[in-house]
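Enquirer: So here's target21.csv (CSV, N, CA and C atoms).
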```csv
chain,number,residue,atom,x,y,z
A,104,TRP,N,-21.3,-63.3,95.4
A,104,TRP,CA,-21.7,-63.4,94.0
A,104,TRP,C,-22.3,-64.7,93.6
A,105,TYR,N,-22.3,-65.7,94.5
A,105,TYR,CA,-23.0,-66.9,94.2
A,105,TYR,C,-24.5,-66.8,94.1
A,106,ASN,N,-25.0,-65.7,94.5
A,106,ASN,CA,-26.5,-65.4,94.4
A,106,ASN,C,-26.9,-65.1,93.0
A,107,TYR,N,-26.0,-65.0,92.1
A,107,TYR,CA,-26.4,-64.7,90.7
A,107,TYR,C,-26.4,-66.0,89.9
A,108,PRO,N,-27.7,-66.5,89.7
A,108,PRO,CA,-27.8,-67.8,89.0
A,108,PRO,C,-27.2,-67.8,87.6
A,109,ILE,N,-27.3,-66.6,86.9
A,109,ILE,CA,-26.8,-66.6,85.5
A,109,ILE,C,-25.3,-66.9,85.5
A,110,LEU,N,-24.6,-66.7,86.6
A,110,LEU,CA,-23.1,-67.1,86.6
A,110,LEU,C,-22.9,-68.5,86.4
A,111,ASN,N,-23.9,-69.4,86.7
A,111,ASN,CA,-23.7,-70.8,86.5
A,111,ASN,C,-23.5,-71.2,85.1
A,112,LEU,N,-24.0,-70.3,84.2
A,112,LEU,CA,-23.8,-70.5,82.7
A,112,LEU,C,-22.3,-70.5,82.3
A,113,LEU,N,-21.5,-69.8,83.1
A,113,LEU,CA,-20.1,-69.7,82.8
A,113,LEU,C,-19.4,-71.0,82.9
A,114,SER,N,-19.9,-72.0,83.7
A,114,SER,CA,-19.3,-73.3,83.8
A,114,SER,C,-19.6,-74.2,82.7
A,115,ILE,N,-20.5,-73.8,81.8
A,115,ILE,CA,-20.9,-74.7,80.6
A,115,ILE,C,-19.8,-74.6,79.6
A,116,PRO,N,-19.2,-75.7,79.1
A,116,PRO,CA,-18.2,-75.6,78.1
A,116,PRO,C,-18.7,-74.9,76.9
A,117,ASN,N,-17.8,-74.1,76.3
A,117,ASN,CA,-18.1,-73.4,75.1
A,117,ASN,C,-19.2,-72.4,75.2
A,118,CYS,N,-19.5,-71.9,76.4
A,118,CYS,CA,-20.4,-70.9,76.6
A,118,CYS,C,-20.0,-69.6,75.9
A,119,ASP,N,-20.9,-68.9,75.3
A,119,ASP,CA,-20.5,-67.7,74.5
A,119,ASP,C,-19.8,-66.7,75.4
A,120,ARG,N,-18.6,-66.3,74.9
A,120,ARG,CA,-17.8,-65.4,75.7
A,120,ARG,C,-18.4,-64.0,75.8
A,121,LEU,N,-19.3,-63.7,74.9
A,121,LEU,CA,-20.0,-62.4,75.0
A,121,LEU,C,-20.9,-62.3,76.3
A,122,LEU,N,-21.5,-63.4,76.7
A,122,LEU,CA,-22.2,-63.5,77.9
A,122,LEU,C,-21.3,-63.2,79.1
A,123,SER,N,-20.1,-63.8,79.1
A,123,SER,CA,-19.2,-63.5,80.2
A,123,SER,C,-18.8,-62.0,80.2
A,124,ARG,N,-18.6,-61.5,79.1
A,124,ARG,CA,-18.3,-60.1,79.0
A,124,ARG,C,-19.4,-59.2,79.5
A,125,LEU,N,-20.6,-59.5,79.1
A,125,LEU,CA,-21.7,-58.7,79.6
A,125,LEU,C,-21.9,-58.8,81.1
A,126,ILE,N,-21.8,-60.0,81.6
A,126,ILE,CA,-21.9,-60.1,83.1
A,126,ILE,C,-20.9,-59.4,83.8
A,127,CYS,N,-19.7,-59.4,83.3
A,127,CYS,CA,-18.6,-58.7,83.9
A,127,CYS,C,-18.9,-57.2,84.0
A,128,ILE,N,-19.4,-56.6,82.9
A,128,ILE,CA,-19.7,-55.2,82.8
A,128,ILE,C,-20.8,-54.9,83.8
A,129,ILE,N,-21.9,-55.7,83.8
A,129,ILE,CA,-23.0,-55.5,84.7
A,129,ILE,C,-22.6,-55.5,86.2
A,130,LEU,N,-21.7,-56.5,86.5
A,130,LEU,CA,-21.4,-56.7,87.9
A,130,LEU,C,-20.1,-56.0,88.3
A,131,LYS,N,-19.5,-55.2,87.5
A,131,LYS,CA,-18.4,-54.4,87.7
A,131,LYS,C,-17.1,-55.2,88.1
A,132,ASP,N,-16.7,-56.1,87.4
A,132,ASP,CA,-15.5,-56.9,87.5
A,132,ASP,C,-15.2,-57.5,88.9
A,133,ASP,N,-15.4,-56.7,90.0
A,133,ASP,CA,-15.0,-57.2,91.3
A,133,ASP,C,-15.8,-58.3,91.8
A,134,TYR,N,-16.9,-58.6,91.2
A,134,TYR,CA,-17.7,-59.7,91.6
A,134,TYR,C,-17.3,-61.1,91.0
A,135,LEU,N,-16.4,-61.0,90.0
A,135,LEU,CA,-15.9,-62.2,89.3
A,135,LEU,C,-14.4,-62.4,89.5
A,136,PRO,N,-13.9,-62.5,90.8
A,136,PRO,CA,-12.5,-62.6,91.0
A,136,PRO,C,-11.8,-63.9,90.5
A,137,GLN,N,-12.6,-65.0,90.4
A,137,GLN,CA,-11.9,-66.2,90.0
A,137,GLN,C,-11.8,-66.4,88.5
A,138,LEU,N,-12.4,-65.5,87.7
A,138,LEU,CA,-12.3,-65.6,86.2
A,138,LEU,C,-11.1,-64.9,85.7
A,139,ARG,N,-10.4,-65.6,84.8
A,139,ARG,CA,-9.2,-65.0,84.2
A,139,ARG,C,-9.6,-63.9,83.2
A,140,TYR,N,-8.7,-62.9,83.1
A,140,TYR,CA,-9.0,-61.8,82.1
A,140,TYR,C,-9.2,-62.3,80.7
A,141,SER,N,-8.4,-63.3,80.3
A,141,SER,CA,-8.6,-63.8,78.9
A,141,SER,C,-9.9,-64.5,78.7
A,142,GLN,N,-10.6,-65.0,79.8
A,142,GLN,CA,-11.8,-65.7,79.6
A,142,GLN,C,-13.0,-64.7,79.3
A,143,LEU,N,-12.8,-63.4,79.7
A,143,LEU,CA,-13.8,-62.4,79.6
A,143,LEU,C,-13.8,-61.7,78.2
A,144,TYR,N,-12.7,-61.8,77.5
A,144,TYR,CA,-12.6,-60.9,76.3
A,144,TYR,C,-12.4,-61.8,75.1
A,145,LEU,N,-13.0,-61.4,74.0
A,145,LEU,CA,-12.9,-62.1,72.7
A,145,LEU,C,-11.7,-61.6,72.0
A,146,MET,N,-11.2,-62.4,71.0
A,146,MET,CA,-10.1,-62.0,70.2
A,146,MET,C,-10.6,-60.8,69.3
A,147,HIS,N,-9.7,-59.8,69.2
A,147,HIS,CA,-10.0,-58.6,68.4
A,147,HIS,C,-9.2,-58.8,67.1
A,148,ILE,N,-9.9,-58.9,66.0
A,148,ILE,CA,-9.2,-59.1,64.7
A,148,ILE,C,-9.1,-57.8,63.9
A,149,ILE,N,-7.8,-57.5,63.5
A,149,ILE,CA,-7.5,-56.2,62.8
A,149,ILE,C,-6.8,-56.6,61.5
A,150,THR,N,-7.3,-56.4,60.4
A,150,THR,CA,-8.6,-55.8,60.0
A,150,THR,C,-9.3,-56.8,59.2
A,151,ARG,N,-10.6,-56.8,59.3
A,151,ARG,CA,-11.4,-57.8,58.5
A,151,ARG,C,-11.4,-57.4,57.0
A,152,LYS,N,-11.1,-56.1,56.8
A,152,LYS,CA,-11.1,-55.6,55.4
A,152,LYS,C,-10.3,-56.5,54.4
A,153,ARG,N,-9.2,-56.9,54.9
A,153,ARG,CA,-8.3,-57.8,54.0
A,153,ARG,C,-9.0,-59.1,53.7
A,154,LEU,N,-9.7,-59.7,54.6
A,154,LEU,CA,-10.5,-60.9,54.3
A,154,LEU,C,-11.6,-60.6,53.3
A,155,ASN,N,-12.3,-59.5,53.5
A,155,ASN,CA,-13.4,-59.2,52.6
A,155,ASN,C,-12.9,-58.9,51.1
A,156,GLU,N,-11.8,-58.2,51.0
A,156,GLU,CA,-11.2,-57.9,49.7
A,156,GLU,C,-10.8,-59.2,49.0
A,157,PHE,N,-10.1,-60.1,49.7
A,157,PHE,CA,-9.7,-61.3,49.1
A,157,PHE,C,-10.9,-62.2,48.7
A,158,ALA,N,-11.9,-62.2,49.6
A,158,ALA,CA,-13.1,-63.0,49.3
A,158,ALA,C,-13.9,-62.4,48.0
A,159,GLN,N,-13.8,-61.1,47.8
A,159,GLN,CA,-14.4,-60.6,46.6
A,159,GLN,C,-13.7,-61.0,45.3
A,160,LYS,N,-12.4,-61.1,45.4
A,160,LYS,CA,-11.6,-61.6,44.2
A,160,LYS,C,-11.7,-63.1,44.0
A,161,HIS,N,-11.8,-63.8,45.1
A,161,HIS,CA,-11.9,-65.3,45.1
A,161,HIS,C,-13.1,-65.8,45.8
A,162,ARG,N,-14.2,-65.7,45.1
A,162,ARG,CA,-15.6,-66.0,45.7
A,162,ARG,C,-15.7,-67.4,46.3
A,163,ASN,N,-14.9,-68.4,45.8
A,163,ASN,CA,-15.0,-69.7,46.4
A,163,ASN,C,-14.4,-69.9,47.7
A,164,THR,N,-13.7,-68.8,48.2
A,164,THR,CA,-13.1,-68.9,49.6
A,164,THR,C,-13.9,-68.2,50.6
A,165,GLN,N,-14.9,-67.5,50.2
A,165,GLN,CA,-15.7,-66.6,51.1
A,165,GLN,C,-16.2,-67.4,52.4
A,166,VAL,N,-16.8,-68.5,52.2
A,166,VAL,CA,-17.4,-69.3,53.3
A,166,VAL,C,-16.3,-69.7,54.3
A,167,SER,N,-15.2,-70.2,53.8
A,167,SER,CA,-14.1,-70.6,54.6
A,167,SER,C,-13.5,-69.5,55.4
A,168,LEU,N,-13.3,-68.3,54.8
A,168,LEU,CA,-12.8,-67.2,55.5
A,168,LEU,C,-13.7,-66.7,56.5
A,169,GLU,N,-15.0,-66.7,56.3
A,169,GLU,CA,-16.0,-66.3,57.3
A,169,GLU,C,-16.0,-67.3,58.4
A,170,ARG,N,-15.8,-68.5,58.2
A,170,ARG,CA,-15.8,-69.5,59.2
A,170,ARG,C,-14.5,-69.3,60.1
A,171,TRP,N,-13.4,-69.1,59.5
A,171,TRP,CA,-12.2,-68.8,60.3
A,171,TRP,C,-12.4,-67.5,61.1
A,172,TYR,N,-13.0,-66.5,60.6
A,172,TYR,CA,-13.2,-65.2,61.3
A,172,TYR,C,-14.1,-65.5,62.5
A,173,ARG,N,-15.2,-66.2,62.3
A,173,ARG,CA,-16.1,-66.5,63.4
A,173,ARG,C,-15.4,-67.3,64.5
A,174,LEU,N,-14.7,-68.4,64.2
A,174,LEU,CA,-14.0,-69.2,65.2
A,174,LEU,C,-12.9,-68.4,65.9
A,175,MET,N,-12.2,-67.6,65.2
A,175,MET,CA,-11.1,-66.8,65.8
A,175,MET,C,-11.7,-65.7,66.7
A,176,LYS,N,-12.8,-65.1,66.3
A,176,LYS,CA,-13.4,-64.0,67.0
A,176,LYS,C,-13.9,-64.5,68.4
A,177,ARG,N,-14.5,-65.7,68.3
A,177,ARG,CA,-15.1,-66.3,69.6
A,177,ARG,C,-14.0,-66.8,70.5
A,178,GLY,N,-12.9,-67.1,70.0
A,178,GLY,CA,-11.8,-67.7,70.8
A,178,GLY,C,-11.2,-66.8,71.8
A,179,SER,N,-10.5,-67.4,72.7
A,179,SER,CA,-9.8,-66.7,73.7
A,179,SER,C,-8.5,-67.5,74.0
A,180,PHE,N,-7.6,-67.4,73.1
A,180,PHE,CA,-6.4,-68.3,73.1
A,180,PHE,C,-5.3,-67.6,73.9
A,181,ARG,N,-4.6,-68.4,74.7
A,181,ARG,CA,-3.5,-67.8,75.5
A,181,ARG,C,-2.2,-68.2,75.0
A,182,SER,N,-2.2,-69.2,74.0
A,182,SER,CA,-0.9,-69.6,73.5
A,182,SER,C,-1.1,-70.3,72.1
A,183,PHE,N,0.0,-70.6,71.4
A,183,PHE,CA,-0.1,-71.3,70.2
A,183,PHE,C,-0.7,-72.7,70.4
A,184,ALA,N,-0.3,-73.3,71.5
A,184,ALA,CA,-0.8,-74.7,71.7
A,184,ALA,C,-2.3,-74.7,71.9
A,185,GLU,N,-2.9,-73.7,72.6
A,185,GLU,CA,-4.4,-73.6,72.7
A,185,GLU,C,-5.0,-73.3,71.3
A,186,LEU,N,-4.3,-72.5,70.5
A,186,LEU,CA,-4.8,-72.2,69.2
A,186,LEU,C,-4.9,-73.4,68.3
A,187,ARG,N,-3.9,-74.3,68.4
A,187,ARG,CA,-3.9,-75.5,67.6
A,187,ARG,C,-5.0,-76.5,68.0
A,188,THR,N,-5.6,-76.4,69.2
A,188,THR,CA,-6.8,-77.2,69.5
A,188,THR,C,-8.0,-76.9,68.6
A,189,GLU,N,-8.1,-75.6,68.3
A,189,GLU,CA,-9.2,-75.2,67.4
A,189,GLU,C,-8.8,-75.2,65.9
A,190,PHE,N,-7.5,-74.9,65.6
A,190,PHE,CA,-7.0,-74.8,64.3
A,190,PHE,C,-5.8,-75.7,64.1
A,191,PRO,N,-6.0,-77.0,64.0
A,191,PRO,CA,-4.9,-78.0,64.0
A,191,PRO,C,-3.9,-77.8,62.8
A,192,HIS,N,-4.3,-77.1,61.7
A,192,HIS,CA,-3.5,-77.0,60.6
A,192,HIS,C,-2.7,-75.6,60.6
A,193,ALA,N,-2.8,-74.9,61.7
A,193,ALA,CA,-2.0,-73.7,61.8
A,193,ALA,C,-0.6,-74.0,62.0
A,194,ASP,N,0.3,-73.1,61.5
A,194,ASP,CA,1.7,-73.3,61.7
A,194,ASP,C,2.3,-72.0,62.1
A,195,GLN,N,3.4,-72.1,62.9
A,195,GLN,CA,4.1,-70.9,63.3
A,195,GLN,C,5.3,-70.7,62.5
A,196,VAL,N,5.4,-69.5,61.8
A,196,VAL,CA,6.6,-69.2,61.0
A,196,VAL,C,7.2,-68.0,61.6
A,197,GLY,N,8.3,-68.1,62.4
A,197,GLY,CA,8.8,-67.0,63.1
A,197,GLY,C,7.8,-66.5,64.1
A,198,LYS,N,7.6,-65.2,64.0
A,198,LYS,CA,6.6,-64.6,64.9
A,198,LYS,C,5.2,-64.6,64.4
A,199,LEU,N,5.0,-65.1,63.2
A,199,LEU,CA,3.7,-65.1,62.5
A,199,LEU,C,3.1,-66.5,62.6
A,200,THR,N,1.7,-66.5,62.4
A,200,THR,CA,1.0,-67.7,62.4
A,200,THR,C,0.4,-67.8,61.0
A,201,VAL,N,0.5,-69.0,60.4
A,201,VAL,CA,0.0,-69.2,59.0
A,201,VAL,C,-1.2,-70.3,59.1
A,202,PHE,N,-2.3,-69.9,58.6
A,202,PHE,CA,-3.5,-70.8,58.6
A,202,PHE,C,-3.7,-71.3,57.2
A,203,ASN,N,-4.0,-72.5,57.0
A,203,ASN,CA,-4.4,-73.1,55.8
A,203,ASN,C,-6.0,-73.0,55.7
A,204,ILE,N,-6.4,-72.3,54.7
A,204,ILE,CA,-7.9,-72.1,54.6
A,204,ILE,C,-8.4,-72.7,53.3
A,205,SER,N,-9.6,-73.1,53.3
A,205,SER,CA,-10.3,-73.6,52.1
A,205,SER,C,-9.6,-74.7,51.4
A,206,GLY,N,-9.3,-75.7,52.2
A,206,GLY,CA,-8.7,-76.9,51.7
A,206,GLY,C,-7.3,-76.7,51.2
A,207,ASN,N,-6.5,-75.8,51.9
A,207,ASN,CA,-5.1,-75.5,51.6
A,207,ASN,C,-5.0,-74.6,50.3
A,208,LYS,N,-6.1,-74.0,49.8
A,208,LYS,CA,-6.0,-73.2,48.7
A,208,LYS,C,-5.6,-71.8,49.0
A,209,VAL,N,-5.8,-71.4,50.3
A,209,VAL,CA,-5.5,-70.0,50.7
A,209,VAL,C,-4.6,-70.1,52.0
A,210,ARG,N,-3.7,-69.2,52.1
A,210,ARG,CA,-2.9,-69.0,53.3
A,210,ARG,C,-3.2,-67.7,53.9
A,211,LEU,N,-3.5,-67.7,55.2
A,211,LEU,CA,-3.8,-66.5,55.9
A,211,LEU,C,-2.7,-66.3,56.9
A,212,ILE,N,-2.0,-65.2,56.8
A,212,ILE,CA,-0.8,-64.9,57.6
A,212,ILE,C,-1.2,-63.8,58.6
A,213,VAL,N,-1.0,-64.2,59.9
A,213,VAL,CA,-1.4,-63.2,61.0
A,213,VAL,C,-0.3,-63.1,62.0
A,214,ALA,N,-0.4,-62.0,62.8
A,214,ALA,CA,0.5,-61.9,64.0
A,214,ALA,C,-0.5,-61.9,65.1
A,215,ILE,N,-0.3,-62.8,66.1
A,215,ILE,CA,-1.2,-62.9,67.2
A,215,ILE,C,-0.5,-62.4,68.5
A,216,HIS,N,-1.1,-61.5,69.2
A,216,HIS,CA,-0.7,-61.1,70.5
A,216,HIS,C,-1.6,-61.7,71.5
A,217,TYR,N,-1.2,-62.8,72.0
A,217,TYR,CA,-2.0,-63.6,73.0
A,217,TYR,C,-2.3,-62.8,74.2
A,218,ASN,N,-1.3,-62.1,74.7
A,218,ASN,CA,-1.5,-61.4,76.0
A,218,ASN,C,-2.6,-60.2,75.9
A,219,ARG,N,-2.7,-59.7,74.7
A,219,ARG,CA,-3.7,-58.6,74.5
A,219,ARG,C,-4.9,-59.1,73.7
A,220,GLN,N,-5.0,-60.4,73.3
A,220,GLN,CA,-6.1,-60.9,72.6
A,220,GLN,C,-6.4,-60.2,71.3
A,221,LYS,N,-5.3,-59.9,70.5
A,221,LYS,CA,-5.4,-59.2,69.3
A,221,LYS,C,-4.8,-60.1,68.2
A,222,VAL,N,-5.4,-60.0,67.0
A,222,VAL,CA,-5.0,-60.7,65.8
A,222,VAL,C,-4.8,-59.7,64.7
A,223,TYR,N,-3.6,-59.6,64.2
A,223,TYR,CA,-3.3,-58.6,63.1
A,223,TYR,C,-3.2,-59.4,61.8
A,224,ILE,N,-4.1,-59.2,60.8
A,224,ILE,CA,-4.0,-59.9,59.6
A,224,ILE,C,-2.9,-59.2,58.7
A,225,ARG,N,-1.8,-60.0,58.4
A,225,ARG,CA,-0.7,-59.4,57.6
A,225,ARG,C,-1.0,-59.6,56.1
A,226,ALA,N,-1.5,-60.8,55.7
A,226,ALA,CA,-1.7,-61.1,54.3
A,226,ALA,C,-2.7,-62.3,54.2
A,227,VAL,N,-3.4,-62.2,53.1
A,227,VAL,CA,-4.3,-63.4,52.6
A,227,VAL,C,-3.8,-63.7,51.2
A,228,LEU,N,-3.3,-64.9,51.0
A,228,LEU,CA,-2.6,-65.2,49.8
A,228,LEU,C,-3.2,-66.6,49.2
A,229,THR,N,-3.1,-66.7,47.9
A,229,THR,CA,-3.4,-68.0,47.3
A,229,THR,C,-2.1,-68.8,47.6
A,230,HIS,N,-2.3,-70.1,47.4
A,230,HIS,CA,-1.1,-71.0,47.7
A,230,HIS,C,0.1,-70.7,46.8
A,231,ALA,N,-0.2,-70.3,45.6
A,231,ALA,CA,0.9,-70.0,44.6
A,231,ALA,C,1.6,-68.7,45.1
A,232,GLU,N,0.8,-67.7,45.5
A,232,GLU,CA,1.4,-66.4,46.0
A,232,GLU,C,2.3,-66.7,47.3
A,233,TYR,N,1.8,-67.5,48.1
A,233,TYR,CA,2.5,-67.9,49.3
A,233,TYR,C,3.8,-68.5,49.0
A,234,ASN,N,3.9,-69.4,48.1
A,234,ASN,CA,5.1,-70.1,47.7
A,234,ASN,C,6.2,-69.2,47.2
A,235,LYS,N,5.8,-68.0,46.7
A,235,LYS,CA,6.8,-67.0,46.2
A,235,LYS,C,7.6,-66.4,47.4
A,236,SER,N,7.1,-66.5,48.6
A,236,SER,CA,7.8,-66.0,49.8
A,236,SER,C,8.0,-64.5,49.9
A,237,LYS,N,7.3,-63.7,49.1
A,237,LYS,CA,7.4,-62.3,49.2
A,237,LYS,C,6.8,-61.7,50.4
A,238,TRP,N,5.9,-62.5,51.0
A,238,TRP,CA,5.2,-62.1,52.2
A,238,TRP,C,6.1,-62.0,53.4
A,239,LYS,N,7.2,-62.7,53.4
A,239,LYS,CA,8.2,-62.7,54.5
A,239,LYS,C,8.9,-61.4,54.6
A,240,GLU,N,8.9,-60.6,53.5
A,240,GLU,CA,9.7,-59.3,53.5
A,240,GLU,C,9.0,-58.2,54.4
```
Rewrite the structure from the file as structure tokens, please.

Expert:
Amino acid sequence: WYNYPILNLLSIPNCDRLLSRLICIILKDDYLPQLRYSQLYLMHIITRKRLNEFAQKHRNTQVSLERWYRLMKRGSFRSFAELRTEFPHADQVGKLTVFNISGNKVRLIVAIHYNRQKVYIRAVLTHAEYNKSKWKE
């Protein structure tokens, strides 16, 4: 498989994971034995609808929520420690991860399954709603 020059792109830091995914599909996985499964697949975020609904109500948070979505979607995190390298203000609360968005005005609460590369959005709350702690129920 060394005869495929495009594979040299995979060694470039922050190379788009979509490229890795496409190469894997084209070459039928068996040509890429040294790549880890998590390097080939992007995070799957379920569901973006909650982000969009919140952004419609609170227009000033739209850019920040879109930025979070893009960064998370491109990521391939295997642990909370890896996640903190990209999102240093993320906190773990039990089995959930809480992100501070838009200058700490918004709290995004998600459940992340690192082994399956899935992110389940549980709630998007203003700081005041978050402090009421009803989201923990």

Enquirer: Work out how far atom CA of A:Gln220 is from atom CA of A:His147, in Å to one decimal.

Expert: 6.2 Å

Enquirer: One decimal, Å: what's the distance from atom CA of A:Asn207 over to atom CA of A:Arg170, could you say?

Expert: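 Calculated distance between atom CA of A:Asn207 and atom CA of A:Arg170 is 14.4 Å.
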
Enquirer: If we count all atoms listed in the file, what is near stretch 157-164 of chain A at a cut-off of 7 Å, once residues fewer than 4 positions away on the same chain are taken out, given as a list in words?

Expert: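 So the residues in contact are Lys152, Arg153, Leu168, Glu169, Ser205 and Val227 of chain A.
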
Enquirer: If you run DSSP over the backbone, which residues in stretch 199-239 of chain A end up helix (DSSP H, G or I)? Put them as a list of chain:residue names.

Expert: A:His230, A:Ala231, A:Glu232, A:Tyr233, A:Asn234, A:Lys237, A:Trp238, A:Lys239

Enquirer: Enter the distance from atom CA of A:His216 to atom C of A:Lys198, in Å, rounded to one decimal.

Expert: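 The value is 9.2 Å.
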
Enquirer: For A:Ala231, find every residue with an atom within 8 Å (counting all atoms listed in the file), except residues of its own chain fewer than 5 positions away, and show them as JSON, numbers by chain.

Expert: {"A": [207, 208, 209, 210, 236]}

Enquirer: Just to be explicit: take each residue in the selection above, keep N, CA and C atoms, and write the result as a compact mmCIF listing (two decimals), in the frame of the given file.

Expert:
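out.txt written:
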```txt
# COMPACT_ATOMS: atom_id res chain seq x y z
N ASN A 207 -6.50 -75.80 51.90
CA ASN A 207 -5.10 -75.50 51.60
C ASN A 207 -5.00 -74.60 50.30
N LYS A 208 -6.10 -74.00 49.80
CA LYS A 208 -6.00 -73.20 48.70
C LYS A 208 -5.60 -71.80 49.00
N VAL A 209 -5.80 -71.40 50.30
CA VAL A 209 -5.50 -70.00 50.70
C VAL A 209 -4.60 -70.10 52.00
N ARG A 210 -3.70 -69.20 52.10
CA ARG A 210 -2.90 -69.00 53.30
C ARG A 210 -3.20 -67.70 53.90
N SER A 236 7.10 -66.50 48.60
CA SER A 236 7.80 -66.00 49.80
C SER A 236 8.00 -64.50 49.90
```

Enquirer: Write out as an mmCIF file with N, CA and C atoms, keeping the file's coordinate frame all residues of stretch 136-230 of chain A that DSSP puts in strand (DSSP E) for this structure's backbone.

Expert:
```cif
data_model
loop_
_atom_site.group_PDB
_atom_site.id
_atom_site.type_symbol
_atom_site.label_atom_id
_atom_site.label_comp_id
_atom_site.auth_asym_id
_atom_site.auth_seq_id
_atom_site.Cartn_x
_atom_site.Cartn_y
_atom_site.Cartn_z
ATOM 1 N N HIS A 147 -9.700 -59.800 69.200
ATOM 2 C CA HIS A 147 -10.000 -58.600 68.400
ATOM 3 C C HIS A 147 -9.200 -58.800 67.100
ATOM 4 N N ILE A 148 -9.900 -58.900 66.000
ATOM 5 C CA ILE A 148 -9.200 -59.100 64.700
ATOM 6 C C ILE A 148 -9.100 -57.800 63.900
ATOM 7 N N ILE A 149 -7.800 -57.500 63.500
ATOM 8 C CA ILE A 149 -7.500 -56.200 62.800
ATOM 9 C C ILE A 149 -6.800 -56.600 61.500
ATOM 10 N N ASP A 194 0.300 -73.100 61.500
ATOM 11 C CA ASP A 194 1.700 -73.300 61.700
ATOM 12 C C ASP A 194 2.300 -72.000 62.100
ATOM 13 N N GLN A 195 3.400 -72.100 62.900
ATOM 14 C CA GLN A 195 4.100 -70.900 63.300
ATOM 15 C C GLN A 195 5.300 -70.700 62.500
ATOM 16 N N VAL A 196 5.400 -69.500 61.800
ATOM 17 C CA VAL A 196 6.600 -69.200 61.000
ATOM 18 C C VAL A 196 7.200 -68.000 61.600
ATOM 19 N N LEU A 199 5.000 -65.100 63.200
ATOM 20 C CA LEU A 199 3.700 -65.100 62.500
ATOM 21 C C LEU A 199 3.100 -66.500 62.600
ATOM 22 N N THR A 200 1.700 -66.500 62.400
ATOM 23 C CA THR A 200 1.000 -67.700 62.400
ATOM 24 C C THR A 200 0.400 -67.800 61.000
ATOM 25 N N VAL A 201 0.500 -69.000 60.400
ATOM 26 C CA VAL A 201 0.000 -69.200 59.000
ATOM 27 C C VAL A 201 -1.200 -70.300 59.100
ATOM 28 N N PHE A 202 -2.300 -69.900 58.600
ATOM 29 C CA PHE A 202 -3.500 -70.800 58.600
ATOM 30 C C PHE A 202 -3.700 -71.300 57.200
ATOM 31 N N ASN A 203 -4.000 -72.500 57.000
ATOM 32 C CA ASN A 203 -4.400 -73.100 55.800
ATOM 33 C C ASN A 203 -6.000 -73.000 55.700
ATOM 34 N N ILE A 204 -6.400 -72.300 54.700
ATOM 35 C CA ILE A 204 -7.900 -72.100 54.600
ATOM 36 C C ILE A 204 -8.400 -72.700 53.300
ATOM 37 N N VAL A 209 -5.800 -71.400 50.300
ATOM 38 C CA VAL A 209 -5.500 -70.000 50.700
ATOM 39 C C VAL A 209 -4.600 -70.100 52.000
ATOM 40 N N ARG A 210 -3.700 -69.200 52.100
ATOM 41 C CA ARG A 210 -2.900 -69.000 53.300
ATOM 42 C C ARG A 210 -3.200 -67.700 53.900
ATOM 43 N N LEU A 211 -3.500 -67.700 55.200
ATOM 44 C CA LEU A 211 -3.800 -66.500 55.900
ATOM 45 C C LEU A 211 -2.700 -66.300 56.900
ATOM 46 N N ILE A 212 -2.000 -65.200 56.800
ATOM 47 C CA ILE A 212 -0.800 -64.900 57.600
ATOM 48 C C ILE A 212 -1.200 -63.800 58.600
ATOM 49 N N VAL A 213 -1.000 -64.200 59.900
ATOM 50 C CA VAL A 213 -1.400 -63.200 61.000
ATOM 51 C C VAL A 213 -0.300 -63.100 62.000
ATOM 52 N N ALA A 214 -0.400 -62.000 62.800
ATOM 53 C CA ALA A 214 0.500 -61.900 64.000
ATOM 54 C C ALA A 214 -0.500 -61.900 65.100
ATOM 55 N N ILE A 215 -0.300 -62.800 66.100
ATOM 56 C CA ILE A 215 -1.200 -62.900 67.200
ATOM 57 C C ILE A 215 -0.500 -62.400 68.500
ATOM 58 N N HIS A 216 -1.100 -61.500 69.200
ATOM 59 C CA HIS A 216 -0.700 -61.100 70.500
ATOM 60 C C HIS A 216 -1.600 -61.700 71.500
ATOM 61 N N LYS A 221 -5.300 -59.900 70.500
ATOM 62 C CA LYS A 221 -5.400 -59.200 69.300
ATOM 63 C C LYS A 221 -4.800 -60.100 68.200
ATOM 64 N N VAL A 222 -5.400 -60.000 67.000
ATOM 65 C CA VAL A 222 -5.000 -60.700 65.800
ATOM 66 C C VAL A 222 -4.800 -59.700 64.700
ATOM 67 N N TYR A 223 -3.600 -59.600 64.200
ATOM 68 C CA TYR A 223 -3.300 -58.600 63.100
ATOM 69 C C TYR A 223 -3.200 -59.400 61.800
ATOM 70 N N ILE A 224 -4.100 -59.200 60.800
ATOM 71 C CA ILE A 224 -4.000 -59.900 59.600
ATOM 72 C C ILE A 224 -2.900 -59.200 58.700
ATOM 73 N N ARG A 225 -1.800 -60.000 58.400
ATOM 74 C CA ARG A 225 -0.700 -59.400 57.600
ATOM 75 C C ARG A 225 -1.000 -59.600 56.100
ATOM 76 N N ALA A 226 -1.500 -60.800 55.700
ATOM 77 C CA ALA A 226 -1.700 -61.100 54.300
ATOM 78 C C ALA A 226 -2.700 -62.300 54.200
ATOM 79 N N VAL A 227 -3.400 -62.200 53.100
ATOM 80 C CA VAL A 227 -4.300 -63.400 52.600
ATOM 81 C C VAL A 227 -3.800 -63.700 51.200
ATOM 82 N N LEU A 228 -3.300 -64.900 51.000
ATOM 83 C CA LEU A 228 -2.600 -65.200 49.800
ATOM 84 C C LEU A 228 -3.200 -66.600 49.200
ATOM 85 N N THR A 229 -3.100 -66.700 47.900
ATOM 86 C CA THR A 229 -3.400 -68.000 47.300
ATOM 87 C C THR A 229 -2.100 -68.800 47.600
#
```

Enquirer: Mind checking which residues fall within 12 Å of stretch 190-194 of chain A, counting only C-alpha atoms, ignoring those fewer than 2 positions away in the same chain, and posting them as number ranges by chain?

Expert: A: 170-172, 174-175, 178, 180, 183-188, 196-207, 210-214

Enquirer: Return the single residue from A:Ser179, A:Thr150, A:Gln195, A:Ser167 that is closest to A:Arg225, with distances computed using all atoms listed in the file.

Expert: A:Thr150

Enquirer: When you count all atoms listed in the file, which of these residues is closest to A:Arg177: A:Arg151, A:Glu189, A:Glu156, A:Met146?

Expert: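 Counting all atoms listed in the file, the residue closest to A:Arg177 is A:Met146.
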